[in-house]
Amino acid sequence: MKPGLSLRMSQHLALTPQLQQSIKLLQLSTLELEQEVEQMLDDNPFLERVSEEAPREEFGISHEDTPVSAEVREAEAQPLSTAPGATTTSDVQDTGAEAATETTSGAESLDWEGDGTVEVSHDDSEWGGDAPARNHTSSGGDDDEADAIDLARSHESLTDHLHRQALSLRLSEVDTAAVRFLIESINDDGYLEESLAELALALAGNDAPMEELEELVHRFTVGLRLLQSLDPAGVGARHLGECLTLQLHAMNQEEEGDPAVIEVALSICRDSLDLLARRDVKRITQACGAGEELTRAAMNLIARLEPRPGRRFADVQRQIIVPDVIVKNIGRGAQMRFSVQLNPDIMPRLRVHDVYANAMRGARGSDGHPALQQRLQEARWFIKNVQQRFDTILRVSTAIVERQKNFFVHGELAMRPLVLRDIADELGLHESTISRVTTAKYMSTPQGTFELKYFFGSGLGTETGGSASSTAVKALIKQLLGSENPKKPLSDSKIADMLAEQGIECARRTVAKYREALRIPPANLRKAV
């Protein structure tokens, strides 16, 4: 093979570090962004978080200990503004058929590349000045303004509730240890998933003698009966039938309900749970040997029981959602408009450390200067990228509010079809950018708090040639099922016919898919007993 030289031309896209960071921050949730900010604050000495308590320092080390004048104190008392290019609020006005959008923006464009200078830049000022400083200390304020997370942490767990009750039992040390071990072995729903033999083997070990294992199983059997006598009723059950049976026994002991109905319900829980799931009244009546009326009363009684005894002790902290955007309506009727603003509680107050930046400016030519200069530039990039993230979220949210303004007035039945491409074309962004912005970002509205993706949905054809949003169709299906006759529930085919009467072309399979998405059971399971 003869060696030779050749020339090739090719194109490829290279993402700069600051662009990679911008994309990364854009797709982070609020919690993940806070973690990223904390990590950057630990790694980069040129980046600092601004606290409301600390007055802003003058530029330069020589002014570090200079007393603050009265004029400066008066100026600091004024509200802080955001950095150039940061947008924190926008108004969308509904004037009948048209909506006017007012979005404030900075006069200067963002310098993504940076010039590598060590001079103090106007962008080094704090960003997120509208966000209040975090107060980690208790101020002794009104109880009505208690933080939701603090309330969630004070919520008693199921195991703590059971341990507190076990303290009132007069037991030997061995039985007390057995009950405590069983309490720690139940799951969040209150069920004991492992058998007593498995628990004994896990505690004693594989090499334990048979006599010791049998003694442990005996102790666990006694402890399980004690555990199942505690509140809530049904706790410590090993399966659904036992859970329901324990609750029925508790009702019988407290003389709640008709004893004959409870007896039939116990028989159903013991032998006919599979028939109960199918609501086969005739076969259940034959299996129980009771009358149909008594059987229906027993089935209704079972339906009122709690299949998950630990449900009310669930960790409510997991359900807390902090919105990224807040939408408020202003005015009424034709003059109604919507104010779209970022949530100031989640906006980090960041700036470049003035003292360190000016100290490096005065130390030009010293060793290690290029590395420090790079860290300073990284701090500036990070502030700009965080600013760009919130600005993009606000722009997308404003466009969503403008497109879906009827939803904020009339609810989900007025939702319009909307896809990512519509917002992308309007704002001049890529669809992937809109997808990142709308993932794990939430909007607080007069109708409730929703993920930004909630406002997007495909369209279904109508008789008039238009389209109806899939979200609106789901809401309509939910409304139809909510007003149905429990004795004659609507089938999926009947719902499709009712939608067709309203001009919406929706197949039966599509109705079934939307119904399952709403977590609504089929007609045979919705039928009243």
# chains A, B, ... in the order shown; residues from 1 in each chain; ligands from 1
$ select_by_dssp --residues "region 264-406 of chain A" --states "alpha helix (DSSP H)" --output "VMD selection string"
chain A and resid 264 to 271 273 to 278 281 to 288 292 to 303 354 to 361 369 to 403 405 to 406
$ atom_distance --atom1 "CA of Ala204 (chain A)" --atom2 "CA of Leu226 (chain A)"
21.6 Å
$ select_by_dssp --residues "region 190-407 of chain A" --states "strand (DSSP E)" --output "list of chain:residue names"
A:Val325, A:Ile326, A:Val327, A:Lys328, A:Asn329, A:Ile330, A:Arg337, A:Phe338, A:Ser339, A:Val340, A:Gln341, A:Leu342, A:Leu350, A:Arg351, A:Val352
$ residues_around --residues "region 324-335 of chain A" --least-positions-apart "2" --cutoff "7 Å" --atoms "only C-alpha atoms" --output "PyMOL selection string"
chain A and resi 94-96+322+337-343+441-446
$ residues_around --residues "region 243-250 of chain A" --least-positions-apart "4" --cutoff "12 Å" --atoms "only C-alpha atoms" --output "tab-separated table (two decimals) with N, CA, C and O atoms, in the first residue's frame"
chain	number	residue	atom	x	y	z
A	189	ASP	N	-47.34	0.85	54.77
A	189	ASP	CA	-48.78	0.63	54.73
A	189	ASP	C	-49.30	-0.08	55.98
A	189	ASP	O	-50.51	-0.24	56.14
A	190	GLY	N	-48.39	-0.54	56.84
A	190	GLY	CA	-48.81	-1.23	58.06
A	190	GLY	C	-48.83	-2.74	57.95
A	190	GLY	O	-49.34	-3.41	58.86
A	191	TYR	N	-48.30	-3.29	56.87
A	191	TYR	CA	-48.31	-4.74	56.66
A	191	TYR	C	-46.98	-5.36	57.08
A	191	TYR	O	-45.91	-4.72	56.98
A	192	LEU	N	-47.06	-6.61	57.55
A	192	LEU	CA	-45.87	-7.40	57.86
A	192	LEU	C	-45.61	-8.31	56.67
A	192	LEU	O	-46.29	-9.33	56.48
A	225	ARG	N	-49.88	-10.79	68.00
A	225	ARG	CA	-51.23	-10.59	68.51
A	225	ARG	C	-51.33	-9.28	69.28
A	225	ARG	O	-52.34	-8.55	69.19
A	227	LEU	N	-49.37	-6.65	68.75
A	227	LEU	CA	-49.24	-5.58	67.76
A	227	LEU	C	-50.55	-5.34	67.04
A	227	LEU	O	-50.95	-4.18	66.80
A	228	GLN	N	-51.26	-6.41	66.69
A	228	GLN	CA	-52.52	-6.27	65.96
A	228	GLN	C	-53.65	-5.71	66.82
A	228	GLN	O	-54.70	-5.37	66.27
A	229	SER	N	-53.41	-5.61	68.12
A	229	SER	CA	-54.42	-5.01	69.00
A	229	SER	C	-54.25	-3.50	69.13
A	229	SER	O	-55.06	-2.84	69.78
A	230	LEU	N	-53.20	-2.96	68.54
A	230	LEU	CA	-52.92	-1.53	68.65
A	230	LEU	C	-53.66	-0.76	67.58
A	230	LEU	O	-54.24	-1.31	66.64
A	231	ASP	N	-53.62	0.57	67.72
A	231	ASP	CA	-54.21	1.48	66.73
A	231	ASP	C	-53.15	1.84	65.69
A	231	ASP	O	-51.98	2.05	66.05
A	232	PRO	N	-53.49	1.88	64.41
A	232	PRO	CA	-54.81	1.74	63.79
A	232	PRO	C	-55.19	0.28	63.60
A	232	PRO	O	-54.32	-0.59	63.50
A	233	ALA	N	-56.50	0.04	63.55
A	233	ALA	CA	-56.99	-1.32	63.37
A	233	ALA	C	-56.53	-1.87	62.03
A	233	ALA	O	-56.59	-1.18	61.01
A	234	GLY	N	-56.05	-3.11	62.05
A	234	GLY	CA	-55.57	-3.74	60.83
A	234	GLY	C	-54.06	-3.72	60.70
A	234	GLY	O	-53.52	-4.36	59.79
A	235	VAL	N	-53.36	-3.01	61.58
A	235	VAL	CA	-51.91	-2.94	61.49
A	235	VAL	C	-51.31	-4.30	61.87
A	235	VAL	O	-51.85	-5.02	62.71
A	236	GLY	N	-50.21	-4.64	61.24
A	236	GLY	CA	-49.55	-5.91	61.51
A	236	GLY	C	-50.11	-7.07	60.70
A	236	GLY	O	-49.69	-8.21	60.90
A	237	ALA	N	-51.04	-6.82	59.80
A	237	ALA	CA	-51.61	-7.88	58.98
A	237	ALA	C	-50.59	-8.35	57.95
A	237	ALA	O	-49.70	-7.60	57.54
A	238	ARG	N	-50.74	-9.61	57.54
A	238	ARG	CA	-49.80	-10.17	56.57
A	238	ARG	C	-50.37	-10.18	55.15
A	238	ARG	O	-49.64	-10.44	54.20
A	239	HIS	N	-51.66	-9.94	55.02
A	239	HIS	CA	-52.27	-9.84	53.69
A	239	HIS	C	-53.56	-9.05	53.84
A	239	HIS	O	-54.00	-8.72	54.96
A	254	GLU	N	-66.27	-3.29	69.54
A	254	GLU	CA	-66.77	-1.98	69.96
A	254	GLU	C	-68.27	-1.84	69.69
A	254	GLU	O	-68.82	-0.76	69.88
A	255	GLU	N	-68.91	-2.95	69.24
A	255	GLU	CA	-70.34	-2.97	68.99
A	255	GLU	C	-70.77	-1.89	67.99
A	255	GLU	O	-71.74	-1.17	68.20
A	256	GLU	N	-69.98	-1.78	66.92
A	256	GLU	CA	-70.31	-0.86	65.84
A	256	GLU	C	-70.87	-1.65	64.67
A	256	GLU	O	-70.22	-2.56	64.15
A	257	GLY	N	-72.07	-1.31	64.24
A	257	GLY	CA	-72.68	-1.98	63.11
A	257	GLY	C	-73.49	-3.20	63.51
A	257	GLY	O	-73.51	-3.64	64.67
A	258	ASP	N	-74.15	-3.77	62.53
A	258	ASP	CA	-75.01	-4.94	62.71
A	258	ASP	C	-74.14	-6.20	62.81
A	258	ASP	O	-73.35	-6.49	61.90
A	259	PRO	N	-74.26	-6.99	63.89
A	259	PRO	CA	-73.43	-8.21	64.01
A	259	PRO	C	-73.64	-9.18	62.86
A	259	PRO	O	-72.68	-9.85	62.43
A	260	ALA	N	-74.88	-9.28	62.33
A	260	ALA	CA	-75.13	-10.21	61.22
A	260	ALA	C	-74.38	-9.77	59.97
A	260	ALA	O	-73.81	-10.60	59.23
A	261	VAL	N	-74.36	-8.45	59.70
A	261	VAL	CA	-73.63	-7.93	58.54
A	261	VAL	C	-72.13	-8.15	58.71
A	261	VAL	O	-71.43	-8.54	57.76
A	262	ILE	N	-71.64	-7.94	59.93
A	262	ILE	CA	-70.21	-8.14	60.18
A	262	ILE	C	-69.83	-9.60	60.00
A	262	ILE	O	-68.76	-9.92	59.47
A	263	GLU	N	-70.70	-10.50	60.40
A	263	GLU	CA	-70.41	-11.92	60.25
A	263	GLU	C	-70.32	-12.31	58.78
A	263	GLU	O	-69.42	-13.08	58.37
A	264	VAL	N	-71.23	-11.80	57.95
A	264	VAL	CA	-71.16	-12.08	56.51
A	264	VAL	C	-69.91	-11.44	55.91
A	264	VAL	O	-69.24	-12.04	55.04
A	265	ALA	N	-69.56	-10.24	56.36
A	265	ALA	CA	-68.36	-9.57	55.85
A	265	ALA	C	-67.11	-10.37	56.21
A	265	ALA	O	-66.17	-10.47	55.40
A	266	LEU	N	-67.07	-10.96	57.41
A	266	LEU	CA	-65.93	-11.80	57.79
A	266	LEU	C	-65.82	-13.02	56.89
A	266	LEU	O	-64.72	-13.43	56.50
A	267	SER	N	-66.97	-13.59	56.54
A	267	SER	CA	-66.96	-14.74	55.64
A	267	SER	C	-66.45	-14.36	54.25
A	267	SER	O	-65.69	-15.12	53.63
A	268	ILE	N	-66.83	-13.18	53.78
A	268	ILE	CA	-66.35	-12.73	52.46
A	268	ILE	C	-64.85	-12.51	52.49
A	268	ILE	O	-64.13	-12.91	51.56
A	269	CYS	N	-64.33	-11.86	53.52
A	269	CYS	CA	-62.89	-11.59	53.62
A	269	CYS	C	-62.09	-12.87	53.75
A	269	CYS	O	-60.92	-12.93	53.36
A	270	ARG	N	-62.72	-13.90	54.29
A	270	ARG	CA	-62.01	-15.16	54.50
A	270	ARG	C	-61.97	-16.02	53.24
A	270	ARG	O	-60.96	-16.68	52.97
A	271	ASP	N	-63.07	-16.02	52.46
A	271	ASP	CA	-63.16	-16.99	51.36
A	271	ASP	C	-63.44	-16.39	49.99
A	271	ASP	O	-63.22	-17.07	48.98
A	273	LEU	N	-62.64	-13.02	48.54
A	273	LEU	CA	-62.07	-11.71	48.16
A	273	LEU	C	-61.95	-11.58	46.64
A	273	LEU	O	-62.11	-10.48	46.09
A	298	ALA	N	-72.99	-6.26	53.52
A	298	ALA	CA	-71.64	-6.65	53.94
A	298	ALA	C	-70.59	-6.12	52.97
A	298	ALA	O	-69.51	-5.67	53.38
A	299	MET	N	-70.89	-6.15	51.67
A	299	MET	CA	-69.96	-5.62	50.68
A	299	MET	C	-69.78	-4.12	50.84
A	299	MET	O	-68.65	-3.59	50.70
A	301	LEU	N	-70.06	-2.55	53.66
A	301	LEU	CA	-69.29	-2.37	54.88
A	301	LEU	C	-67.80	-2.57	54.61
A	301	LEU	O	-66.96	-1.80	55.09
A	302	ILE	N	-67.46	-3.58	53.83
A	302	ILE	CA	-66.06	-3.83	53.49
A	302	ILE	C	-65.48	-2.67	52.70
A	302	ILE	O	-64.31	-2.29	52.86
A	303	ALA	N	-66.30	-2.07	51.83
A	303	ALA	CA	-65.82	-0.95	51.01
A	303	ALA	C	-65.45	0.26	51.86
A	303	ALA	O	-64.65	1.10	51.43
A	304	ARG	N	-66.00	0.36	53.06
A	304	ARG	CA	-65.68	1.49	53.93
A	304	ARG	C	-64.45	1.24	54.80
A	304	ARG	O	-64.03	2.15	55.52
A	305	LEU	N	-63.90	0.05	54.76
A	305	LEU	CA	-62.70	-0.25	55.56
A	305	LEU	C	-61.46	0.33	54.89
A	305	LEU	O	-61.46	0.71	53.73
A	306	GLU	N	-60.37	0.37	55.66
A	306	GLU	CA	-59.11	0.94	55.18
A	306	GLU	C	-58.16	-0.18	54.78
A	306	GLU	O	-57.67	-0.92	55.63
A	307	PRO	N	-57.88	-0.35	53.47
A	307	PRO	CA	-56.96	-1.42	53.06
A	307	PRO	C	-55.50	-1.12	53.39
A	307	PRO	O	-54.68	-2.04	53.37
A	308	ARG	N	-55.18	0.12	53.70
A	308	ARG	CA	-53.80	0.50	54.06
A	308	ARG	C	-53.84	1.24	55.40
A	308	ARG	O	-53.99	2.47	55.44
A	309	PRO	N	-53.70	0.54	56.50
A	309	PRO	CA	-53.82	1.19	57.82
A	309	PRO	C	-52.80	2.30	58.05
A	309	PRO	O	-53.05	3.22	58.83
A	310	GLY	N	-51.66	2.23	57.39
A	310	GLY	CA	-50.63	3.25	57.61
A	310	GLY	C	-50.75	4.45	56.72
A	310	GLY	O	-49.85	5.31	56.71
$ closest_residue --among "A:Phe313, A:Pro348, A:Gln35, A:Gly223" --to "Leu169 (chain A)" --atoms "only C-alpha atoms"
A:Gly223
$ atom_distance --atom1 "CA of Leu394 (chain A)" --atom2 "CA of Phe382 (chain A)"
18.5 Å
